[in-house]
Amino acid sequence: MPGSANPMFSGQDITGANKLAKDILSWKFRPIEAGIEIPRLIVQHMEDVGAEVYYHKFYSQNNQFHPLHFFSGTPFSVLVHDNRSCTSVGVNSVGIIRAPRGDGKEAIVLVTPYNSGKIELSEALSLGLAYSIFSLLSRATWLAKDIVWLAADSRYGEYASVSAWLRDYHNPVFLGSSGKFDFDMCLEGNHQLHGGDSEAFRRAGTMAAALVFKIVGRQEETEKDTLHIYAEASNGQMPNLDLINIVQYLAVHRQGLRVKVETVFSLLNTAWLNFVGEILEWLSKIAGSLNPQWKFGIPVVDYVEGIATLASSMYYQALGVPTGSHGAFRDYQIDAITLEMAPKISLNSEIGQSAFLLRGGRLIEGVIRSVNNLLEKFHQSFFLYFLTSPSKFVSVGVYMIAFLLLVAPLPILAAALYSGNRYNDCTNKENQTPQNGCPEELGFAVGSWRWLHAAKVVFIIHIWAAIVSLLPYLICQLPERTSTASMLTWLILSVFILLILYRILGSPYTYSANATSPSQSQTANWTTLKAVTIAAASIGLGLMSIINFAAAQIGAVVLVPICLIVHPFKHMLRAASLRAVILMACNLVLLIVGFPPAALLILKGSSKEFGGVSIGDFWDWAESLWAWNSATYLYLALVHLPCWVLCIHILLHPL
């Protein structure tokens with residue numbers, strides 16, 4: 001029931017927000033003291049409205065790749081160490097309002113990240129706005145769910161502070177006095193933390209939803225205040241679509257805000273995309289003239305913006321890296337989004353600032369009212385979807401059809417290749433003719449087991465890929481390394497390990513190069529190798545679709561054409577026709593584009609000048625994947641890369 005009640009948030013609440021913001025900004029030029037005084041100031045204001053308060057102390061963590069911890073926890077999993085220092089400690093301020101109409105079993109979480117070491121006007125206003133909303137809710141008689149306000153100290157990253165609090169909220173750790181780090185030892189004199197029970201970790205009920213909101217400065221000239229929604233979490237997880245719909249409806253129809261989601265801006269001015277949009281619009285007009293009920297066309301501008309937004313939604317879901325601290329909540333299956341609010345004028349203008357805070361406060365209040373009205377968690381709407389605008393989406397029931405149509409040819413072609421090979425084996429024998437058929441004994445002896453050599457090759461390449469996926473852990477131990485040097489080291493070691501495996505276990509071309517009998521020559525047949533490679537690719541894509549559908553969808557667009565079209569060079573050269581030349585060119589283009597570092601460099605170079613692109617960019621990109629435990633890294637290393645290498649083997653097969 002969004003917008004069904006009149007908002008209570010008023011100008012009086014704005015006064016309290018501005019007052020707290022000014023008090024916080026007074027510590028801006030004293031960063032050493034601000035790390036203690038700002039949390040203490042926030043807790044004091046929480047206590048003034050009657051909330052239960054406490055400090056949550058956490059420690060910064062180095063988010064580094066470790067193969068044994070890849071799926072064992074969140075990216076910022078914490079182990080207790082004795083060598084913690086005072087310079088790595090952050091302090092979150094937490095307040096809880098108990099709902100007068102609730103039973104304490106459910107809660108709504110508000111999160112406002114801020115950098116206590118370098119506080120800015122926008123962060124101070126975010127904290128002021130959160131306090132004014134928190135103060136309003138402390139007087140609300142309709143509240144049925146507890147309200148938790150987390151003022152997250154983001155000195156060491158927004159995600160790290162929220163993730164540390166959620167981990168302690170859901171998985172409490174009980175430490176003896178000998179293993180406990182005394183944070184107050186780091187503080188001197190009057191800078192001790194007071195207010196609230198710093199030793200007690202208080203909890204509310206099960207989290208029904210969470211809102212991470214912050215104010216940012218004006219980023220572009222607009223006629224309206226802007227609200228930017230971020231929803232993507234780790235490994236393609238998305239919050240229930242109803243939460244986004246509530247925010248979008250209230251922002252547009254109640255507060256008059258301009259709502260935006262992430263867009264690939266480089267696609268907005270693409271000539272070919274505008275051309276396709278014009279064709280579709282022209283076809284829709286023709287269809288409308290034939291039958292007015294046929295309405296499927298949209299304007300060119302809407303089409304281009306929708307495609308650019310769809311590309312961004314698919315990319316960030318496939319990337320598997322959260323787009324904000326809301327991703328920490330999705331790790332615990334809690335619906336959460338980040339709301340980034342930007343005014344149409346400068347934040348330094350007091351008149352415009354008050355009007356902007358009023359709209360933002362009423363928006364947050366409306367969302368809280370809507371979630372408060374629920375008798376259960378969000379579940380009636382979609383969890384799997386791609387956004388094409390803040391109010392439009394593509395559901396899983398639509399886009400999984402495209403994925404199935406892409407993957408379906410793989411097992412069909414694998415079966416056709418293998419069956420064709422067995423038939424050729426029978427007809428090539430001296431004691432057989434195509435009319436007489438193939439004896440059961442011969443078919444079993446030759447055709448049924450010839451795939452084992454191809455399976456051995458595929459198995460060796462996948463072992464090599466598993467080793468390659470672990471190399472970054474060793475490379476990260478090297479001192480004074482650069483991204484380019486690390487990437488080159490990764491490539492050189494990968495090739496060297498592949499050659500060693502060939503030396504130990506045998507090359508895939510061993511039997512074809514040294515064949516002494518027809519059966520040995522058939523053992524190394526390239527069609528069998530292609531059939532087993534296609535089977536492995538279809539299995540890998542199917543498994544990835546369960547973990548991250550967006551990554552599997554994009555991976556299928558690249559990998560399926562490579563597997564279908566790959567053909568030995570010698571076979572194409574023998575044909576000596578125009579069709580063979582075109583096929584050869586397609587093979588080369590697809591294999592170049594299918595190599596992950598080359599694909600990333602081409603994409604980055606097309607969006608900006610190629611002069612600013614280096615091979616080290618792929619190392620930085622891959623580093624972000626493994627540091628965030630993204631399953632996309634495993635897909636690239638264990639599915640895409642080995643299939644690409646196997647396609648190279650097929651391309652260079654000596655026949």
# chains A, B, ... in the order shown; residues from 1 in each chain; ligands from 1
>>> residues_around(residues="segment 392-407 of chain A", least_positions_apart="5", cutoff="8 Å", atoms="only C-alpha atoms", output="list in words")
Phe382, Leu384, Tyr385, Phe386, Leu387, Ser538, Leu541, Gln553, Ala556, Val557 and Val560 of chain A
>>> residues_around(residues="Gly90 of chain A", least_positions_apart="6", cutoff="12 Å", atoms="only C-alpha atoms", output="mmCIF file with N, CA and C atoms, in the first residue's frame")
data_model
loop_
_atom_site.group_PDB
_atom_site.id
_atom_site.type_symbol
_atom_site.label_atom_id
_atom_site.label_comp_id
_atom_site.auth_asym_id
_atom_site.auth_seq_id
_atom_site.Cartn_x
_atom_site.Cartn_y
_atom_site.Cartn_z
ATOM 1 N N ALA A 34 37.731 13.012 15.271
ATOM 2 C CA ALA A 34 36.429 12.772 14.654
ATOM 3 C C ALA A 34 36.066 11.300 14.663
ATOM 4 N N GLY A 35 37.071 10.414 14.573
ATOM 5 C CA GLY A 35 36.788 8.990 14.576
ATOM 6 C C GLY A 35 36.135 8.515 15.846
ATOM 7 N N ILE A 36 36.254 9.284 16.941
ATOM 8 C CA ILE A 36 35.626 8.930 18.211
ATOM 9 C C ILE A 36 34.434 9.831 18.510
ATOM 10 N N ILE A 38 32.441 11.665 16.500
ATOM 11 C CA ILE A 38 31.246 11.549 15.665
ATOM 12 C C ILE A 38 30.390 10.354 16.082
ATOM 13 N N PRO A 39 30.939 9.136 16.276
ATOM 14 C CA PRO A 39 30.096 8.044 16.795
ATOM 15 C C PRO A 39 29.463 8.370 18.140
ATOM 16 N N TYR A 55 27.776 0.609 20.730
ATOM 17 C CA TYR A 55 28.841 0.737 19.738
ATOM 18 C C TYR A 55 29.214 -0.653 19.233
ATOM 19 N N HIS A 56 29.416 -0.741 17.935
ATOM 20 C CA HIS A 56 29.900 -1.992 17.350
ATOM 21 C C HIS A 56 31.305 -1.741 16.820
ATOM 22 N N LYS A 57 32.273 -2.417 17.411
ATOM 23 C CA LYS A 57 33.666 -2.229 17.024
ATOM 24 C C LYS A 57 34.087 -3.381 16.114
ATOM 25 N N PHE A 58 34.710 -3.047 15.001
ATOM 26 C CA PHE A 58 35.143 -4.059 14.041
ATOM 27 C C PHE A 58 36.539 -3.706 13.553
ATOM 28 N N TYR A 59 37.123 -4.616 12.843
ATOM 29 C CA TYR A 59 38.510 -4.477 12.414
ATOM 30 C C TYR A 59 38.588 -4.560 10.893
ATOM 31 N N SER A 60 39.414 -3.715 10.319
ATOM 32 C CA SER A 60 39.579 -3.728 8.868
ATOM 33 C C SER A 60 40.259 -5.023 8.444
ATOM 34 N N GLN A 61 39.872 -5.492 7.258
ATOM 35 C CA GLN A 61 40.409 -6.748 6.744
ATOM 36 C C GLN A 61 40.990 -6.532 5.353
ATOM 37 N N ARG A 84 46.183 -7.274 16.229
ATOM 38 C CA ARG A 84 45.382 -6.140 15.802
ATOM 39 C C ARG A 84 45.901 -4.865 16.453
ATOM 40 N N TYR A 114 29.353 6.554 6.361
ATOM 41 C CA TYR A 114 30.087 7.814 6.403
ATOM 42 C C TYR A 114 31.540 7.527 6.742
ATOM 43 N N ASN A 115 32.415 8.377 6.268
ATOM 44 C CA ASN A 115 33.843 8.251 6.534
ATOM 45 C C ASN A 115 34.197 9.170 7.700
ATOM 46 N N SER A 116 34.394 8.579 8.854
ATOM 47 C CA SER A 116 34.661 9.390 10.047
ATOM 48 C C SER A 116 36.017 10.083 9.975
ATOM 49 N N GLY A 117 36.933 9.549 9.180
ATOM 50 C CA GLY A 117 38.245 10.171 9.068
ATOM 51 C C GLY A 117 38.268 11.360 8.132
ATOM 52 N N ALA A 151 24.672 3.522 11.760
ATOM 53 C CA ALA A 151 25.562 4.553 11.228
ATOM 54 C C ALA A 151 26.921 3.891 11.014
ATOM 55 N N ALA A 152 27.180 3.480 9.770
ATOM 56 C CA ALA A 152 28.319 2.620 9.461
ATOM 57 C C ALA A 152 29.574 3.436 9.200
ATOM 58 N N ASP A 153 30.607 3.179 9.979
ATOM 59 C CA ASP A 153 31.903 3.836 9.803
ATOM 60 C C ASP A 153 32.603 3.221 8.590
ATOM 61 N N SER A 154 32.696 3.967 7.503
ATOM 62 C CA SER A 154 33.199 3.426 6.240
ATOM 63 C C SER A 154 34.644 3.838 5.964
ATOM 64 N N ARG A 155 35.429 4.062 7.000
ATOM 65 C CA ARG A 155 36.838 4.389 6.785
ATOM 66 C C ARG A 155 37.557 3.278 6.030
ATOM 67 N N TYR A 156 37.156 2.051 6.248
ATOM 68 C CA TYR A 156 37.790 0.908 5.599
ATOM 69 C C TYR A 156 36.878 0.264 4.557
ATOM 70 N N GLY A 157 35.915 1.029 4.070
ATOM 71 C CA GLY A 157 35.010 0.526 3.046
ATOM 72 C C GLY A 157 33.593 0.396 3.564
ATOM 73 N N GLU A 158 32.626 0.800 2.750
ATOM 74 C CA GLU A 158 31.228 0.721 3.155
ATOM 75 C C GLU A 158 30.791 -0.716 3.367
ATOM 76 N N ALA A 160 32.611 -3.335 4.132
ATOM 77 C CA ALA A 160 33.283 -3.990 5.257
ATOM 78 C C ALA A 160 32.585 -3.694 6.578
ATOM 79 N N SER A 161 32.189 -2.446 6.795
ATOM 80 C CA SER A 161 31.556 -2.084 8.067
ATOM 81 C C SER A 161 30.192 -2.738 8.217
ATOM 82 N N VAL A 162 29.395 -2.740 7.126
ATOM 83 C CA VAL A 162 28.062 -3.348 7.191
ATOM 84 C C VAL A 162 28.172 -4.865 7.318
ATOM 85 N N ALA A 164 30.602 -6.597 8.645
ATOM 86 C CA ALA A 164 31.067 -6.972 9.980
ATOM 87 C C ALA A 164 29.918 -6.951 10.987
ATOM 88 N N TRP A 165 29.054 -5.935 10.879
ATOM 89 C CA TRP A 165 27.915 -5.858 11.810
ATOM 90 C C TRP A 165 26.929 -6.996 11.553
ATOM 91 N N PHE A 183 39.368 -2.072 22.915
ATOM 92 C CA PHE A 183 39.444 -0.901 22.054
ATOM 93 C C PHE A 183 39.694 0.371 22.860
ATOM 94 N N CYS A 186 43.031 2.149 23.143
ATOM 95 C CA CYS A 186 43.535 3.008 22.070
ATOM 96 C C CYS A 186 43.165 4.466 22.306
#
>>> closest_residue(among="A:Asn548, A:Thr533, A:Asn372, A:Ser4", to="Thr632 of chain A", atoms="only C-alpha atoms")
A:Asn548
>>> residues_around(residues="Asn235 of chain A", least_positions_apart="4", cutoff="8 Å", atoms="only C-alpha atoms", output="list in words")
Gln317, Ala318, Leu319, Gly320, Val321, Ile547, Asn548, Ser630, Ala631 and Thr632 of chain A
>>> residues_around(residues="segment 278-289 of chain A", least_positions_apart="4", cutoff="6 Å", atoms="only C-alpha atoms", output="MDAnalysis selection string")
chainID A and resid 294 297 300
>>> write_last_selection(atoms="C-alpha atoms", output="mmCIF file, in the first residue's frame")
data_model
loop_
_atom_site.group_PDB
_atom_site.id
_atom_site.type_symbol
_atom_site.label_atom_id
_atom_site.label_comp_id
_atom_site.auth_asym_id
_atom_site.auth_seq_id
_atom_site.Cartn_x
_atom_site.Cartn_y
_atom_site.Cartn_z
ATOM 1 C CA TRP A 294 -0.939 -4.420 -32.842
ATOM 2 C CA GLY A 297 6.688 -0.488 -31.003
ATOM 3 C CA VAL A 300 13.837 5.093 -30.618
#
>>> select_by_dssp(residues="segment 276-390 of chain A", states="alpha helix (DSSP H)", output="PyMOL selection string")
chain A and resi 276-290+300-319+327-330+350-373
>>> closest_residue(among="A:His453, A:His326, A:Arg202, A:Arg30", to="Glu52 of chain A", atoms="only C-alpha atoms")
A:Arg202
>>> atom_distance(atom1="atom CA of Lys530 of chain A", atom2="atom CA of Tyr502 of chain A")
18.9 Å
>>> residues_around(residues="Gln12 of chain A", least_positions_apart="3", cutoff="12 Å", atoms="only C-alpha atoms", output="PDB file with C-alpha atoms, in the first residue's frame")
ATOM      1  CA  MET A   8       4.382  12.849   8.957  1.00  0.00           C
ATOM      2  CA  PHE A   9       7.840  14.120   8.036  1.00  0.00           C
ATOM      3  CA  THR A  15      15.652  21.505  11.586  1.00  0.00           C
ATOM      4  CA  GLY A  16      16.924  18.608  13.680  1.00  0.00           C
ATOM      5  CA  ALA A  17      18.683  17.141  10.656  1.00  0.00           C
ATOM      6  CA  ASN A  18      20.508  20.398   9.887  1.00  0.00           C
ATOM      7  CA  LYS A  19      21.541  20.822  13.519  1.00  0.00           C
ATOM      8  CA  LEU A 129      18.453  12.960   7.529  1.00  0.00           C
ATOM      9  CA  SER A 132      15.400  13.041  11.702  1.00  0.00           C
ATOM     10  CA  ILE A 133      13.675   9.933  10.311  1.00  0.00           C
ATOM     11  CA  SER A 135      13.420  10.583  15.661  1.00  0.00           C
ATOM     12  CA  LEU A 136      10.113  10.630  13.779  1.00  0.00           C
ATOM     13  CA  SER A 354      15.765  21.951   3.095  1.00  0.00           C
ATOM     14  CA  LEU A 357      15.838  16.833   2.593  1.00  0.00           C
ATOM     15  CA  LEU A 358      12.055  17.081   2.944  1.00  0.00           C
ATOM     16  CA  GLY A 361      12.748  12.126   4.316  1.00  0.00           C
TER      17      GLY A 361
END
